[in-house]
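Engineer: For reference, the structure I am asking about is given below.
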4 protein chains.
Amino acid sequence: MNVNELKGKTVALAASGGLDSCTITKWLSEYGVSVIAITADLGQPDETDMQTIRKRMLSCGAKEALVIDLKEEMAHAGIRLIQTRACYEGGYWNTTGLARHVTVSGLLRVMKKKKVSILAHGATGRGNDQVRFSLATHMLDPKVEVYAPWRDESFIEAFGGRKEMIDFCQKKHLPIKASHDKPYSTDSNLLGLTHEAGKLEWLDTPADFIQPVMGVFPKDAPDKKLTVFVEFKSGIPVAINSEKLKPVDLFRKANEIAGKNGIGIGIHTIENRFVGIKSRGVYESPGLVFLSHCYEFLLQQILDRRARKCYEAAAANLGEQIYQGYFFDLASQMMLSALTPVTRLASGLIGVSLYKGTILFYSSSKTPHSLYDPELSSMEAVGIFNHADSEGFLRVLGVNARALNLKGQVDLKGPVEKKG
Amino acid sequence: MNVNELKGKTVALAASGGLDSCTITKWLSEYGVSVIAITADLGQPDETDMQTIRKRMLSCGAKEALVIDLKEEMAHAGIRLIQTRACYEGGYWNTTGLARHVTVSGLLRVMKKKKVSILAHGATGRGNDQVRFSLATHMLDPKVEVYAPWRDESFIEAFGGRKEMIDFCQKKHLPIKASHDKPYSTDSNLLGLTHEAGKLEWLDTPADFIQPVMGVFPKDAPDKKLTVFVEFKSGIPVAINSEKLKPVDLFRKANEIAGKNGIGIGIHTIENRFVGIKSRGVYESPGLVFLSHCYEFLLQQILDRRARKCYEAAAANLGEQIYQGYFFDLASQMMLSALTPVTRLASGLIGVSLYKGTILFYSSSKTPHSLYDPELSSMEAVGIFNHADSEGFLRVLGVNARALNLKGQVDLKGPVEKKG
Amino acid sequence: MNVNELKGKTVALAASGGLDSCTITKWLSEYGVSVIAITADLGQPDETDMQTIRKRMLSCGAKEALVIDLKEEMAHAGIRLIQTRACYEGGYWNTTGLARHVTVSGLLRVMKKKKVSILAHGATGRGNDQVRFSLATHMLDPKVEVYAPWRDESFIEAFGGRKEMIDFCQKKHLPIKASHDKPYSTDSNLLGLTHEAGKLEWLDTPADFIQPVMGVFPKDAPDKKLTVFVEFKSGIPVAINSEKLKPVDLFRKANEIAGKNGIGIGIHTIENRFVGIKSRGVYESPGLVFLSHCYEFLLQQILDRRARKCYEAAAANLGEQIYQGYFFDLASQMMLSALTPVTRLASGLIGVSLYKGTILFYSSSKTPHSLYDPELSSMEAVGIFNHADSEGFLRVLGVNARALNLKGQVDLKGPVEKKG
Amino acid sequence: MNVNELKGKTVALAASGGLDSCTITKWLSEYGVSVIAITADLGQPDETDMQTIRKRMLSCGAKEALVIDLKEEMAHAGIRLIQTRACYEGGYWNTTGLARHVTVSGLLRVMKKKKVSILAHGATGRGNDQVRFSLATHMLDPKVEVYAPWRDESFIEAFGGRKEMIDFCQKKHLPIKASHDKPYSTDSNLLGLTHEAGKLEWLDTPADFIQPVMGVFPKDAPDKKLTVFVEFKSGIPVAINSEKLKPVDLFRKANEIAGKNGIGIGIHTIENRFVGIKSRGVYESPGLVFLSHCYEFLLQQILDRRARKCYEAAAANLGEQIYQGYFFDLASQMMLSALTPVTRLASGLIGVSLYKGTILFYSSSKTPHSLYDPELSSMEAVGIFNHADSEGFLRVLGVNARALNLKGQVDLKGPVEKKG
């Protein structure tokens, strides 16, 4: 889409209140486009005053500026993340990816009421967020069009990058917070915060110049182990240290406890964006990392070998789906359904010790569906598992093992032989 | 197999030199079985003097006692572990599982020379090690029989458990080190150490009474970040901090550096044993954890999205194969072959910061096959990736996304909607 | 378990009425074991008179003999098979495996009422059925013990095989149907029939001596194409050629139509039994093959690429679970749940042509959730899919493709180059 | 890319010689673009005279017209297809997808010699072929640009579709074969032939109006079973009915034998194109279907359960890679490497019976690595597999099965219970 097609129309802009939001609002207004700026309150830890953003957007020329409260949706979605342990490529917790789904879903509700059918956003043309905005929007409402100035030649020509936007805003006396020397950009919500771009783009540059927002780096955490207990009921974390908490408060509490102990701060990945480009990110998600570790300790007691494999496949799949903007499609529905029989069983009280960025298992109790049984596990006692039964067990397995050799299927110079 | 079938025959016993080895050797000798005790030198960090073990076995009645040096095989196998990142059920590095394959392979070489065709071992009838001993043996030499006293009713009747064995050894004046009050058992080699059984069997008992052997718990590590550089050539770690090292020395160095910084000490899992029982283990594998993190940081630059998925599937598969005793079968050969095109590309110098059990990415350089390219990744510059191209990209993806909605395939009350 | 432990006790025997059932009943009775023979009516196409079996079992010494009607359960389970397309190792439709789960479930209901806690069966010690009997029983009622004469040394000594059993029965004047010269054995139910053992064990022996029961070989089918229409509602086949049919009748009708056209007759696999042995089977499942082809043609219209992958993974997994006796465990519950969002969408009318063992797609209509859209698909028309958008789409994909080459990741002497 | 950017330059056009090739060549020439028309001889069964095509292209204005012989590459690639059994979404043998990789690879060799760096093709903007042309080109030579008239607005405006092209060619007196009434389009090579578009786009239209080229529909095949023997050596089919054949001749022979018996003619799928659109295809690949069935019968004897799973995962993955144009990337290299240990073992003589579109297993011999062993398989004999061992085997498995029930993990109203 092109700005010329928008003249005289109204767009709803997903407005974070940052440099892009301000620039785009002003620029569109000058082109004769009515902008309704909608800011999603996702429980961002670094944005305390949503009303300030609202006013800022009006100053930038928005016809209307709204804040919608999506903290509860965000927290519920976060519980899904814990239940699926849906990391992407081994480390990133998908907090931004998930938030885009929540934001689009909230924006579309408002747009429907206001009869606006164009959603604009400030995500760039090389990133993942543009994908999530488009796909989530099209899946939830195929009649809505998506406009991304960063993919519009007119906008790209006017603004090569960050510098030109700051110059523009300063010239127009817009109330921006950005300045020319911020070394990277961030995005945040109740569940996590991502740092990327800027100086972070150079891999020979250590990321330790980053200022954590949701906690501290391990070296700045207290030199004292903290033991914490989390209670789960049917897959939902319901209490921390015996204090019953609703989802939003639970995540706030979890972020606070874990963040100050250096948990989940500074997670680093070089990941494959959906558009096929590698990017480097540094992430914070203290509460998620802490709670999901507890959940993993719980699942380790519940899932047998077969269920564990299904679980891991579903988790990996969902991690990719969320990252790529497909959290609303049929495949995601299938994988979320697959988890239902597991979450039903996931009740228990898990204790862990937090210390300077590390989490150690402390204890577990009240797990009615745990398969762990010290009596069975013991190498000593003779009980319902008779040691001698294993003789038959292994004799049966041995028939196949021997046949593999007899039929020339074993690589006798195999992986553990001394080489050269 | 039953001890009565062994009378007058010779068995090769895989002898660690511990309580089981002593008891079994003596007990078999008294039954008229000739025992050749073979101790594998796997670079155990807690067993400095292999010759002492050898003498101990002779005192216990062994007809012959040998030590075979398998440190190099163990180190080569360890490099495979790094290349495959083959953890089991999300955490355990399979060091004992891998060692069983190395040990069997080494023992069979000796047995062939000595024309012994029965391999005896002291693994119990509820554990994984019995499986690995049997399967590895049958695959490498189907004519060899495996005898496990812990699956022989005669032995089980004589020795209910640890207590009875200690009593037996003391009565027979055997030179055992064990005493009645050791709270758990350990197994170790160059790559790692496992703690299990005993007091560890109770999940309401924190594991902090454990004494780490290969390093220290995070709280006892120095309060100072250490930056270390590892160089990889075609998938093989060849130098640490510019010092070229052969595999055995490289692992020793890696264990030392990582261990004293609390890395990879106290890994805790409740895992599914092959026989279908859950067990709890606490693991140490400082060098492996450290090196494999470096390797992961390298791979993140090399693997595109498609290759990454193949890699993760192969890694998960191999983790299970090693754990279950199938490292020599056709499936393992397939998965190891699958990794060849990746290891070929895995060259580079990776720097990481170690601090009290945490590893942070520090820097990367000299990676000829890295797909990471700051110019491409940048949200700003206009280069070979034209932002406007994404408009077409997303319009194409949008056709399917919209169809999903139009055909009623989207769950509009989906996973991010506020629930009742 | 050993027959000596059973003296004076009562066992429920899963009695097919064949040679094994007769021999076991008589032999157990002579040992002083009370036998309640329970025959599952699974809609076996080759067993018309269940009451004859009942009487036969009484003649063989059973204290009591019952027939339980499980045809409806069998048909419902068959619909699951269609929904999951759960074949095993590429061809076998798991009909016997599924039936064991149905049988155990039915038997346990009766046993509970009669307070019998030992289930006996005539499956051998090398097959899959013993596994299914044991696992299904233990999962549904862990207090029930399973007794398998073919794993009891006393029975094995008495009966080396088929010949000795026939001799025994003849000597005891039992009303067996078997004779010494039957060249293979069969097992059947409403969904399918399996032939194995006997002469079939030799791979240089073509299987064409087999007499199909549920239909005819393609060469004996009519030389005339038959077009048939199947209607599905939310994953359930509800009508054939516009005739509404309940599940049992639907399978009977489907078997009849497909069987006489040579569909699904003579499916041949050499498969991996759970105990690690290869076996050869020849299978008949005309109705299942026919209906599942129709269902596949329906799903091809409904599943997008992502959902299809999830579906195929779930199907393959369930195929193995059913084959191995794990249809009641947590992993199966997860995979069955995963299919729910798909079956919900699977409505439509599918026409196929049947001809001498082949099935060709004929037509499709009334598929509200189909993603197939001739207008989109067309290479000609310009509509919501603008051809020019693909330019951006491919330029985006091309960035990664080029990088693979530039970073030395492409094998330029690759899989399509002329060799040698 | 736009035709205006091409003026005065030289492009290499992948020219099939059909309507698109003629139109594009003429149209480009008139714009001042030099066209070198390159026709790949892929062993197309429906194009006997390659030189006629060459002359036709010259008549259409090509500056130069060449034919390159890629039959051998095509045959080698076909053997890969058999070894991987790489179907796409359950049925289509990917013959066109594979051919695009072969063609691009061949064209680039010629273009390098002639120093041409723009590759043009006539694939449309909604199909898969454009993707394969682009990705294969970029991976093999990132400096080469790809020009697709069907994504160029100027061309699309000039030619709405087939009709306009025919009019244009007739007006310019070009020697086209096409006429206004061909009901669908085809693409073919040594391995297979695809029919799509035109009347095939309507799902309520049976596809029986199609004229098979590589064989006959089952109903037109002889009413007589034909038994054929194929010999494999290390994964390569080397002889049919004892006649040693090189790959190209082997595929011709296989196509002839299978095609006339109705094998692999009329395969029908509705598949997910890479661009996210469903399309309907009807396929012919008689030789491939026949040979791959034989190969499957061979593999069923060789692959144990674990290897089979790895094999199926690799096959499914490669099927998708080839379909989507990624046969040259790292993921494909990994999966092809994974198959190496399997093809090494895949030797044997397989006999099958062909009859009116059906293939039945006939016999197997000379399979040195087969795990099938009638003696082991037999339910009767007592040999190295002792029936009584299974008692221990099942008792071990039963511990877990019982625990699942005791811990509330079994769905007692499960999948085989009578519903309603």
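Within each chain, counting starts at residue 1; across the structure tokens, chains are named A, B, ... in the order shown, with ligands numbered 1 upward in that order.
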Set the distance at 10 Å and use only C-alpha atoms: which residues neighbour Asp208 in chain A once local chain neighbours fewer than 6 positions away are removed? I'd like the list as an NGL selection string.
Structural biologist: (:A and (200 or 217 or 266 or 282)) or (:B and (360-362))
Engineer: Deliver the residues from the most recent selection as a file, using N, CA and C atoms, as a short mmCIF file (atom, residue, chain, number, x, y, z; two decimals), in the first residue's frame.
Structural biologist:
data_model
loop_
_atom_site.label_atom_id
_atom_site.label_comp_id
_atom_site.auth_asym_id
_atom_site.auth_seq_id
_atom_site.Cartn_x
_atom_site.Cartn_y
_atom_site.Cartn_z
N LEU A 200 24.38 -3.31 18.71
CA LEU A 200 24.27 -4.77 18.90
C LEU A 200 24.49 -5.53 17.60
N PHE A 217 21.98 -7.83 35.75
CA PHE A 217 22.86 -8.90 35.29
C PHE A 217 23.31 -9.71 36.52
N GLY A 266 19.71 -10.96 29.83
CA GLY A 266 20.88 -11.06 28.95
C GLY A 266 20.92 -12.31 28.09
N VAL A 282 19.22 -9.49 22.34
CA VAL A 282 19.52 -9.74 23.74
C VAL A 282 18.21 -9.55 24.48
N LEU B 360 27.60 -16.10 29.26
CA LEU B 360 27.04 -15.10 28.34
C LEU B 360 27.90 -15.02 27.09
N PHE B 361 27.26 -14.81 25.98
CA PHE B 361 27.97 -14.61 24.73
C PHE B 361 28.82 -13.35 24.85
N TYR B 362 30.06 -13.42 24.38
CA TYR B 362 30.92 -12.24 24.44
C TYR B 362 31.23 -11.72 23.03
#
Engineer: Could you list, as a ChimeraX atom specification, the residues of chain A having an atom within 9 Å of chain C when counting only C-alpha atoms?
Structural biologist: /A:275-277,303-311,314,317,329-342,396-401
Engineer: What is the CA of Val11 in chain C to CA of Gly392 in chain D distance in Å?
Structural biologist: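 These atoms are spaced 20.6 Å apart.
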Engineer: Please identify all polymer residues within 9 Å of Tyr355 in chain C, counting only C-alpha atoms, omitting same-chain residues fewer than 4 positions from it, and present them as a ChimeraX atom specification.
Structural biologist: /C:218,221-227,261-263,359-360 /D:218-219,356
Engineer: Please, could you write that set of residues out with all heavy atoms as a tab-separated table (two decimals), in the first residue's frame?
Structural biologist:
chain	number	residue	atom	x	y	z
C	218	PRO	N	-7.66	-58.09	-7.07
C	218	PRO	CA	-8.02	-57.25	-8.22
C	218	PRO	C	-8.36	-58.04	-9.47
C	218	PRO	O	-9.32	-57.71	-10.18
C	218	PRO	CB	-6.76	-56.39	-8.42
C	218	PRO	CG	-6.20	-56.22	-7.04
C	218	PRO	CD	-6.48	-57.55	-6.35
C	221	ALA	N	-11.93	-59.05	-9.67
C	221	ALA	CA	-12.96	-58.01	-9.55
C	221	ALA	C	-13.58	-57.74	-10.92
C	221	ALA	O	-12.98	-58.05	-11.95
C	221	ALA	CB	-12.34	-56.75	-8.97
C	222	PRO	N	-14.79	-57.14	-10.92
C	222	PRO	CA	-15.45	-56.87	-12.21
C	222	PRO	C	-14.64	-55.89	-13.07
C	222	PRO	O	-13.99	-54.99	-12.54
C	222	PRO	CB	-16.79	-56.24	-11.81
C	222	PRO	CG	-16.76	-56.02	-10.35
C	222	PRO	CD	-15.64	-56.79	-9.78
C	223	ASP	N	-14.72	-56.06	-14.37
C	223	ASP	CA	-14.00	-55.20	-15.30
C	223	ASP	C	-14.84	-53.95	-15.61
C	223	ASP	O	-15.14	-53.68	-16.78
C	223	ASP	CB	-13.69	-56.00	-16.58
C	223	ASP	CG	-12.75	-55.23	-17.50
C	223	ASP	OD1	-12.14	-54.25	-17.03
C	223	ASP	OD2	-12.65	-55.62	-18.68
C	224	LYS	N	-15.18	-53.21	-14.57
C	224	LYS	CA	-16.11	-52.09	-14.73
C	224	LYS	C	-15.88	-51.10	-13.60
C	224	LYS	O	-15.82	-51.49	-12.44
C	224	LYS	CB	-17.54	-52.64	-14.63
C	224	LYS	CG	-18.62	-51.69	-15.01
C	224	LYS	CD	-19.95	-52.45	-15.16
C	224	LYS	CE	-21.06	-51.53	-15.58
C	224	LYS	NZ	-21.27	-50.38	-14.71
C	225	LYS	N	-15.71	-49.84	-13.97
C	225	LYS	CA	-15.48	-48.81	-12.96
C	225	LYS	C	-16.76	-48.55	-12.19
C	225	LYS	O	-17.84	-48.48	-12.78
C	225	LYS	CB	-15.05	-47.51	-13.65
C	225	LYS	CG	-13.71	-47.01	-13.17
C	225	LYS	CD	-13.42	-45.58	-13.48
C	225	LYS	CE	-13.41	-45.20	-14.94
C	225	LYS	NZ	-12.80	-43.85	-15.09
C	226	LEU	N	-16.64	-48.40	-10.87
C	226	LEU	CA	-17.79	-48.07	-10.04
C	226	LEU	C	-17.54	-46.73	-9.35
C	226	LEU	O	-16.53	-46.56	-8.68
C	226	LEU	CB	-17.99	-49.16	-8.98
C	226	LEU	CG	-19.19	-48.94	-8.05
C	226	LEU	CD1	-20.50	-49.20	-8.79
C	226	LEU	CD2	-19.08	-49.85	-6.83
C	227	THR	N	-18.45	-45.79	-9.51
C	227	THR	CA	-18.30	-44.51	-8.84
C	227	THR	C	-19.14	-44.50	-7.57
C	227	THR	O	-20.32	-44.88	-7.60
C	227	THR	CB	-18.71	-43.36	-9.77
C	227	THR	OG1	-17.92	-43.46	-10.96
C	227	THR	CG2	-18.45	-42.01	-9.12
C	261	ASN	N	-14.53	-54.97	-5.34
C	261	ASN	CA	-13.74	-54.33	-6.38
C	261	ASN	C	-12.23	-54.46	-6.18
C	261	ASN	O	-11.45	-53.76	-6.82
C	261	ASN	CB	-14.14	-52.86	-6.51
C	261	ASN	CG	-15.47	-52.72	-7.25
C	261	ASN	OD1	-15.52	-52.96	-8.45
C	261	ASN	ND2	-16.53	-52.41	-6.51
C	262	GLY	N	-11.87	-55.34	-5.25
C	262	GLY	CA	-10.44	-55.64	-5.10
C	262	GLY	C	-9.66	-54.59	-4.33
C	262	GLY	O	-8.42	-54.62	-4.29
C	263	ILE	N	-10.37	-53.66	-3.69
C	263	ILE	CA	-9.70	-52.59	-2.93
C	263	ILE	C	-9.22	-53.11	-1.59
C	263	ILE	O	-9.98	-53.76	-0.87
C	263	ILE	CB	-10.69	-51.42	-2.66
C	263	ILE	CG1	-11.36	-50.93	-3.94
C	263	ILE	CG2	-10.01	-50.29	-1.89
C	263	ILE	CD1	-10.42	-50.34	-4.94
C	359	ILE	N	-8.18	-46.84	-6.78
C	359	ILE	CA	-9.13	-45.80	-6.39
C	359	ILE	C	-8.70	-44.50	-7.04
C	359	ILE	O	-7.57	-44.06	-6.85
C	359	ILE	CB	-9.13	-45.58	-4.86
C	359	ILE	CG1	-9.44	-46.88	-4.12
C	359	ILE	CG2	-10.10	-44.48	-4.46
C	359	ILE	CD1	-9.42	-46.75	-2.60
C	360	LEU	N	-9.57	-43.89	-7.83
C	360	LEU	CA	-9.26	-42.59	-8.42
C	360	LEU	C	-10.24	-41.55	-7.90
C	360	LEU	O	-11.43	-41.83	-7.72
C	360	LEU	CB	-9.32	-42.64	-9.94
C	360	LEU	CG	-8.19	-43.39	-10.65
C	360	LEU	CD1	-8.41	-43.37	-12.17
C	360	LEU	CD2	-6.84	-42.75	-10.34
D	218	PRO	N	-5.70	-47.71	-15.72
D	218	PRO	CA	-5.87	-49.14	-15.38
D	218	PRO	C	-6.90	-49.86	-16.26
D	218	PRO	O	-6.65	-51.00	-16.68
D	218	PRO	CB	-6.32	-49.09	-13.92
D	218	PRO	CG	-5.63	-47.87	-13.37
D	218	PRO	CD	-5.63	-46.88	-14.51
D	219	LYS	N	-7.99	-49.21	-16.55
D	219	LYS	CA	-9.04	-49.91	-17.30
D	219	LYS	C	-8.58	-50.30	-18.70
D	219	LYS	O	-9.11	-51.23	-19.32
D	219	LYS	CB	-10.34	-49.11	-17.35
D	219	LYS	CG	-10.27	-47.86	-18.22
D	219	LYS	CD	-11.61	-47.13	-18.27
D	219	LYS	CE	-11.45	-45.75	-18.90
D	219	LYS	NZ	-10.64	-45.66	-20.13
D	356	LYS	N	-3.11	-54.00	-13.93
D	356	LYS	CA	-4.12	-52.93	-14.03
D	356	LYS	C	-4.00	-51.88	-12.91
D	356	LYS	O	-4.97	-51.58	-12.20
D	356	LYS	CB	-5.51	-53.54	-14.02
D	356	LYS	CG	-5.92	-54.13	-15.37
D	356	LYS	CD	-7.35	-54.62	-15.36
D	356	LYS	CE	-7.85	-55.00	-16.75
D	356	LYS	NZ	-8.25	-53.86	-17.57
Engineer: Step one, run DSSP on the backbone; step two, keep only residues of range 67-193 of chain D assigned to strand (DSSP E or B); then write them as a count of residues only.
Structural biologist: 18
Engineer: Distance CA of Gly161 in chain B-CA of Asn405 in chain D, one decimal place?
Structural biologist: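 Distance reported for this atom pair: 29.3 Å.
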Engineer: For Asp152 in chain D, please output as number ranges by chain all residues within 10 Å (counting only C-alpha atoms; exclusion window: fewer than 4 positions along the same chain).
Structural biologist: C: 387-391; D: 1-4, 125, 147-148, 156-157
